[in-house]
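Colleague: This is the structure I want to talk about, given as structure tokens.
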Amino acid sequence: MATLTVAIFAFGCGGNTEKVSFSSSSPAIEKTIFWVDSISELTDAQYPDNPDISIRSSLDGTFSHSKISFTKNNLGYDMVIFPNNKNTDTIVLTDLELKKFIPSVPTYVKKDSYLTKIGIVNQEWNRMQVNFKEGQFETKGKNLESQKITRIDVARNCINAYLWELIFYTVEDGKSKPVYHGWFDFNKELYAQLFEEKNGLAYEEFRPSLEEWIFPGSEKTNLEVLREKTNGKEVVFENHDNEYYPEIGERKKKKMNILFPKDIYSIDDFLTDSTVYATFSAPGCYNQSDPRKTKLHRLANLKKVELNKIKSNNTNKDSLSELVLRFETDKDTTVFVVGGIDLSTLPVLTVENSKSGYQMPMGIGNYSFYSNYALLQNSNHLESPYYGLLMDENNNWLDSHDVGIDGPLMHLDKEGNLHFWILSFERHSFVGHYVINLYS
């Protein structure tokens, strides 16, 4: 009969590590279990500025979970989410590729230390929410939760390292609605281990910036590290900032957290430094009592747009496109560069369905804000050609969060024009809409 030996190693607020070894006549098998000791669940009184209040299921508050384990196996990690009341069941995500969730920088960027830091820090500063649908997760038990849950989301939020979230969904009135939300501190030891395995870099070098949101400084960004520009031209565009946008999706539920302006008639109303949003605070909540200021005046006047053909410096040397938007005001010049994109793959949408466009955070080699796990599995972000950067007139990097934007959203229309939208801080609103003639 096999004998069981268990050793517990204390590990601060991020949980603990448990090594379980089995010995018998066959070679010993050892499995390391990383624990998250608690999950926070907030009431409406504790989280009054929650935008999901308006769209969530009537079953919200019914389910509760207590802790999480991550067990290493040959293919990845088994993530087990344990129940905390009689309505709730155990939820299991098997063979989870946790390294996919960890901030990284494409391998070809590592020769530039500043862009390496920008890439890694920006990934931690941008939300990554991954959904698991039917067949991608398992419920163990026969309580109400196993009957109701149709989708599991795991999110690494955008504040600092270790702050993660769980959001579960159910179908109600024919719509998918959030029914459970929990916040937890990811195991710190496991995070550091995964970071070093994925990046081949010492975690300690980046830990202070990732834990404390330390500004990395504004230095010159060398785009030649990312790509070779092979061709380019200035293209014709139409500025639609004097129009409003459809209040659907995130823009609808998050409108409550636009603190100023309140009377909004067009995107132009946002393009001043008076615009203020509810900030996003630990453990991952919108907070109207701590307003987030912006510098959106920088986007008030789009002067010109360039469309460049580029060759990525990744292993495949992918031939792709780059857009350069140049904004000029009486105060300053701002250059918004989005590159490493295949324009032919963008969805064809109407303005009314713009929320379904291709949206990406600012940074280098980024993950999308939202994706399904199958898409994540098929992505290699160490070879990603994507980049989205803000710079001043001297090509010095600007913190997009300080300006008040999260990234681009793009789609084509039926005439083949490119619609380029700019997502505000936390995607509360759009703060730019330009229709670009790609063939001009």
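By order in the structure tokens, chains are A, B, ...; within a chain, residues start at 1; ligands start at 1, following the order shown.
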Which residues come within 12 Å of A:Gly416, counting only C-alpha atoms, excluding same-chain residues fewer than 5 positions away, as a list in words?

Modeller: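 Counting only the stated atoms, we get Leu343, Ser344, Thr345, Leu346, Pro347, Val348, Leu349, Thr350, His411, Val435, Ile436, Asn437, Leu438, Tyr439 and Ser440 of chain A.
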
Colleague: Deliver the residues from the most recent selection as a file, using N, CA and C atoms, as a CSV table (one decimal), in the first residue's frame.

Modeller:
```csv
chain,number,residue,atom,x,y,z
A,343,LEU,N,-4.9,43.6,-41.3
A,343,LEU,CA,-6.1,44.3,-41.5
A,343,LEU,C,-7.2,43.5,-42.2
A,344,SER,N,-6.8,42.5,-43.0
A,344,SER,CA,-7.7,41.7,-43.8
A,344,SER,C,-8.5,40.8,-42.9
A,345,THR,N,-8.1,40.5,-41.6
A,345,THR,CA,-8.8,39.6,-40.7
A,345,THR,C,-9.8,40.4,-39.8
A,346,LEU,N,-9.8,41.7,-39.9
A,346,LEU,CA,-10.7,42.4,-39.0
A,346,LEU,C,-12.2,42.1,-39.4
A,347,PRO,N,-13.1,42.1,-38.4
A,347,PRO,CA,-14.5,41.8,-38.7
A,347,PRO,C,-15.1,43.0,-39.5
A,348,VAL,N,-16.1,42.7,-40.3
A,348,VAL,CA,-16.9,43.7,-41.0
A,348,VAL,C,-18.2,43.9,-40.2
A,349,LEU,N,-18.3,45.1,-39.7
A,349,LEU,CA,-19.4,45.5,-38.7
A,349,LEU,C,-20.0,46.8,-39.1
A,350,THR,N,-21.2,47.0,-38.6
A,350,THR,CA,-21.8,48.3,-38.7
A,350,THR,C,-21.4,49.1,-37.4
A,411,HIS,N,-12.5,47.8,-36.8
A,411,HIS,CA,-13.3,46.9,-37.6
A,411,HIS,C,-13.4,47.6,-39.0
A,435,VAL,N,-12.8,57.1,-39.4
A,435,VAL,CA,-13.0,56.2,-40.6
A,435,VAL,C,-11.9,56.5,-41.6
A,436,ILE,N,-11.1,55.4,-41.8
A,436,ILE,CA,-9.8,55.6,-42.6
A,436,ILE,C,-10.0,54.9,-43.9
A,437,ASN,N,-9.7,55.6,-45.0
A,437,ASN,CA,-9.7,55.0,-46.3
A,437,ASN,C,-8.4,54.3,-46.6
A,438,LEU,N,-8.4,53.0,-46.5
A,438,LEU,CA,-7.1,52.3,-46.6
A,438,LEU,C,-6.5,52.3,-48.0
A,439,TYR,N,-7.3,52.7,-49.0
A,439,TYR,CA,-6.8,52.7,-50.4
A,439,TYR,C,-6.6,54.1,-51.0
A,440,SER,N,-6.6,55.1,-50.2
A,440,SER,CA,-6.4,56.4,-50.7
A,440,SER,C,-4.9,56.7,-51.0
```

Colleague: Mind checking which residues fall within 7 Å of A:Leu390, counting only C-alpha atoms, ignoring those fewer than 3 positions away in the same chain, and posting them as a list in words?

Modeller: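 Everything that qualifies: Thr334, Val335, Phe336, Val337, Trp397, Leu398 and Ser400 of chain A.
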
Colleague: Keeping only N, CA and C atoms, write those residues as a PDB file, in the first residue's frame.

Modeller:
```
ATOM      1  N   THR A 334       0.998  64.191 -29.889  1.00  0.00           N
ATOM      2  CA  THR A 334       0.883  62.819 -29.405  1.00  0.00           C
ATOM      3  C   THR A 334       0.817  61.887 -30.605  1.00  0.00           C
ATOM      4  N   VAL A 335       1.636  60.847 -30.580  1.00  0.00           N
ATOM      5  CA  VAL A 335       1.684  59.868 -31.665  1.00  0.00           C
ATOM      6  C   VAL A 335       1.174  58.530 -31.126  1.00  0.00           C
ATOM      7  N   PHE A 336       0.144  58.011 -31.781  1.00  0.00           N
ATOM      8  CA  PHE A 336      -0.467  56.738 -31.400  1.00  0.00           C
ATOM      9  C   PHE A 336      -0.121  55.734 -32.493  1.00  0.00           C
ATOM     10  N   VAL A 337       0.691  54.731 -32.144  1.00  0.00           N
ATOM     11  CA  VAL A 337       1.144  53.727 -33.106  1.00  0.00           C
ATOM     12  C   VAL A 337       0.532  52.376 -32.757  1.00  0.00           C
ATOM     13  N   TRP A 397       8.118  57.416 -24.781  1.00  0.00           N
ATOM     14  CA  TRP A 397       6.918  56.655 -24.406  1.00  0.00           C
ATOM     15  C   TRP A 397       6.048  57.441 -23.438  1.00  0.00           C
ATOM     16  N   LEU A 398       4.733  57.378 -23.660  1.00  0.00           N
ATOM     17  CA  LEU A 398       3.759  57.975 -22.757  1.00  0.00           C
ATOM     18  C   LEU A 398       2.912  56.880 -22.139  1.00  0.00           C
ATOM     19  N   SER A 400      -0.251  55.329 -21.342  1.00  0.00           N
ATOM     20  CA  SER A 400      -1.611  55.481 -21.861  1.00  0.00           C
ATOM     21  C   SER A 400      -2.637  55.615 -20.746  1.00  0.00           C
TER      22      SER A 400
END
```

Colleague: Mind listing the alpha helix (DSSP H) residues of stretch 183-388 of chain A, per DSSP on the backbone, as a count of residues only?

Modeller: 31

Colleague: Enumerate, as a PyMOL selection string, the complete set of residues in stretch 181-359 of chain A that a backbone-based DSSP assignment places in strand (DSSP E).

Modeller: chain A and resi 181-185+227-235+237-239+258-260+276-281+285-293+302-312+319-328+333-341+358-359

Colleague: Hey, can you spit out that residue selection with C-alpha atoms as an mmCIF file, in the first residue's frame?

Modeller:
```
data_model
loop_
_atom_site.group_PDB
_atom_site.id
_atom_site.type_symbol
_atom_site.label_atom_id
_atom_site.label_comp_id
_atom_site.auth_asym_id
_atom_site.auth_seq_id
_atom_site.Cartn_x
_atom_site.Cartn_y
_atom_site.Cartn_z
ATOM 1 C CA HIS A 181 -17.956 37.333 -8.574
ATOM 2 C CA GLY A 182 -14.994 36.553 -6.338
ATOM 3 C CA TRP A 183 -11.597 38.187 -5.840
ATOM 4 C CA PHE A 184 -8.419 36.379 -4.780
ATOM 5 C CA ASP A 185 -4.684 36.867 -4.395
ATOM 6 C CA ARG A 227 9.620 45.779 -36.954
ATOM 7 C CA GLU A 228 11.162 46.814 -40.234
ATOM 8 C CA LYS A 229 9.141 49.433 -42.096
ATOM 9 C CA THR A 230 9.014 48.455 -45.768
ATOM 10 C CA ASN A 231 6.572 50.985 -47.188
ATOM 11 C CA GLY A 232 4.290 53.769 -46.048
ATOM 12 C CA LYS A 233 1.885 56.483 -47.075
ATOM 13 C CA GLU A 234 -0.412 59.105 -45.615
ATOM 14 C CA VAL A 235 -4.077 58.135 -45.954
ATOM 15 C CA PHE A 237 -9.591 59.827 -42.908
ATOM 16 C CA GLU A 238 -12.859 61.209 -41.607
ATOM 17 C CA ASN A 239 -13.038 62.398 -38.008
ATOM 18 C CA ILE A 258 -18.235 58.369 -16.038
ATOM 19 C CA LEU A 259 -17.984 61.086 -13.403
ATOM 20 C CA PHE A 260 -17.483 63.972 -15.840
ATOM 21 C CA VAL A 276 -12.891 61.982 -14.999
ATOM 22 C CA TYR A 277 -13.784 58.317 -14.530
ATOM 23 C CA ALA A 278 -14.214 56.114 -11.485
ATOM 24 C CA THR A 279 -10.843 54.563 -10.818
ATOM 25 C CA PHE A 280 -10.196 50.825 -10.555
ATOM 26 C CA SER A 281 -8.959 49.973 -7.066
ATOM 27 C CA CYS A 285 -13.451 47.363 -8.026
ATOM 28 C CA TYR A 286 -14.611 50.628 -9.569
ATOM 29 C CA ASN A 287 -14.442 53.432 -7.045
ATOM 30 C CA GLN A 288 -16.231 56.730 -7.655
ATOM 31 C CA SER A 289 -14.829 58.246 -4.467
ATOM 32 C CA ASP A 290 -11.327 58.111 -5.995
ATOM 33 C CA PRO A 291 -11.751 59.856 -9.393
ATOM 34 C CA ARG A 292 -9.303 59.025 -12.162
ATOM 35 C CA LYS A 293 -8.076 62.135 -13.964
ATOM 36 C CA LEU A 302 -6.143 64.267 -35.212
ATOM 37 C CA LYS A 303 -3.822 65.854 -37.766
ATOM 38 C CA LYS A 304 -2.847 62.946 -40.004
ATOM 39 C CA VAL A 305 -2.844 59.153 -40.354
ATOM 40 C CA GLU A 306 -0.113 57.023 -41.900
ATOM 41 C CA LEU A 307 -0.524 53.436 -43.081
ATOM 42 C CA ASN A 308 2.729 51.489 -43.201
ATOM 43 C CA LYS A 309 3.641 48.047 -44.420
ATOM 44 C CA ILE A 310 5.981 46.345 -41.998
ATOM 45 C CA LYS A 311 7.858 43.123 -41.460
ATOM 46 C CA SER A 312 7.791 41.938 -37.856
ATOM 47 C CA SER A 319 4.306 40.907 -43.201
ATOM 48 C CA LEU A 320 1.647 43.084 -41.562
ATOM 49 C CA SER A 321 0.410 46.666 -41.199
ATOM 50 C CA GLU A 322 1.060 49.607 -38.907
ATOM 51 C CA LEU A 323 -1.114 52.674 -38.313
ATOM 52 C CA VAL A 324 0.353 55.928 -37.052
ATOM 53 C CA LEU A 325 -2.112 58.550 -35.803
ATOM 54 C CA ARG A 326 -0.614 61.978 -35.133
ATOM 55 C CA PHE A 327 -2.511 64.369 -32.849
ATOM 56 C CA GLU A 328 -1.485 68.006 -32.564
ATOM 57 C CA THR A 333 1.965 66.399 -30.035
ATOM 58 C CA THR A 334 0.883 62.819 -29.405
ATOM 59 C CA VAL A 335 1.684 59.868 -31.665
ATOM 60 C CA PHE A 336 -0.467 56.738 -31.400
ATOM 61 C CA VAL A 337 1.144 53.727 -33.106
ATOM 62 C CA VAL A 338 -0.651 50.412 -33.570
ATOM 63 C CA GLY A 339 1.222 47.761 -35.494
ATOM 64 C CA GLY A 340 1.653 44.080 -36.143
ATOM 65 C CA ILE A 341 -1.948 43.764 -37.331
ATOM 66 C CA TYR A 358 -11.033 43.677 -32.619
ATOM 67 C CA GLN A 359 -9.895 45.349 -29.415
#
```

Colleague: One decimal, Å: what's the distance from atom CA of A:Ile149 over to atom CA of A:Val179, could you say?

Modeller: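 Value for the atom CA of A:Ile149-atom CA of A:Val179 distance: 8.2 Å.
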
Colleague: Compile the contact shell of stretch 55-68 of chain A as a ChimeraX atom specification: residues with an atom at most 9 Å away, counting only C-alpha atoms, same-chain residues fewer than 4 positions apart removed.

Modeller: /A:34-41,43,51,79-90,144-145,169-172,176-182,184,253

Colleague: Grab the atom CA of A:Asp268 to atom CA of A:Asp241 distance for me, in Å with one decimal place.

Modeller: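 Distance between the two atoms: 5.3 Å.
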
Colleague: Would you mind reading off the distance between atom CA of A:Asn50 and atom CA of A:Gln147, one decimal, in Å?

Modeller: 25.8 Å

Colleague: I want to know what sits within 10 Å of A:Glu247, based on only C-alpha atoms, with residues of the same chain fewer than 3 positions away left out; could you give that as a list in words?

Modeller: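 Here the qualifying residues turn out to be Tyr244, Glu250, Arg251, Lys252, Lys253, Lys254, Lys255, Glu352, Lys355, Ser429 and Phe430 of chain A.
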
Colleague: Between A:Asp342, A:Ser354, A:Asn396, A:Lys99, which residue has the minimum interatomic distance to A:Asn222, considering only C-alpha atoms?

Modeller: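 Smallest separation from A:Asn222 among the options: A:Asn396.
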
Colleague: Give me, as an MDAnalysis selection string, all polymer residues having an atom no more than 9 Å from stretch 202-218 of chain A, counting only C-alpha atoms and skipping those fewer than 6 positions away in the same chain.

Modeller: chainID A and resid 114 117:118 120:121 124:125 159:162 192:193 195:196 391 396:399

Colleague: Please, which residues in stretch 384-411 of chain A fall within 12 Å of stretch 270-275 of chain A when counting only C-alpha atoms, and what is the closest atom pair and distance in Å to one decimal for each, ordered by chain then residue number, as CSV?

Modeller:
```
residue,atom,partner,partner_atom,distance
A:Asp402,CA,A:Asp273,CA,10.9
A:Val403,CA,A:Asp273,CA,8.9
A:Gly404,CA,A:Thr275,CA,8.9
A:Ile405,CA,A:Leu271,CA,11.2
```

Colleague: With C-alpha atoms retained, could you export that selection as a short mmCIF file (atom, residue, chain, number, x, y, z; two decimals), in the first residue's frame?

Modeller:
```cif
data_model
loop_
_atom_site.label_atom_id
_atom_site.label_comp_id
_atom_site.auth_asym_id
_atom_site.auth_seq_id
_atom_site.Cartn_x
_atom_site.Cartn_y
_atom_site.Cartn_z
CA ASP A 402 -2.11 58.57 -17.51
CA VAL A 403 -3.57 59.98 -20.73
CA GLY A 404 -6.78 58.04 -20.12
CA ILE A 405 -6.97 55.36 -22.81
#
```

Colleague: Ranking A:Tyr367, A:Phe425, A:Phe137, A:Tyr47 by minimum distance to A:Tyr386 and counting only C-alpha atoms, which one comes first?

Modeller: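 Once distances to A:Tyr386 are computed over only C-alpha atoms, the minimum belongs to A:Tyr367.
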
Colleague: At a cut-off of 9 Å, using only C-alpha atoms, what residues contact A:Glu243? Leave out same-chain residues fewer than 6 positions from it and give the result as a ChimeraX atom specification.

Modeller: /A:265-268,433

Colleague: Output C-alpha atoms for every residue in that selection, as a PDB file, in the first residue's frame.

Modeller:
```pdb
ATOM      1  CA  TYR A 265     -23.571  64.597 -26.828  1.00  0.00           C
ATOM      2  CA  SER A 266     -20.452  63.582 -28.741  1.00  0.00           C
ATOM      3  CA  ILE A 267     -16.984  62.081 -28.319  1.00  0.00           C
ATOM      4  CA  ASP A 268     -15.615  65.634 -28.409  1.00  0.00           C
ATOM      5  CA  HIS A 433     -13.667  57.441 -33.847  1.00  0.00           C
TER       6      HIS A 433
END
```

Colleague: Nearest to A:Asn366 among A:Lys31, A:Lys100, A:Lys111, A:Lys133, with distances taken over only C-alpha atoms: which residue is it?

Modeller: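 When distances to A:Asn366 are compared using only C-alpha atoms, the smallest one comes from A:Lys100.
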
Colleague: Let me make sure I understand: among A:Pro385, A:Gly432, A:Pro106, A:Pro361, which one has the smallest atom-to-atom distance to A:Gly407 if we use only C-alpha atoms?

Modeller: A:Pro361
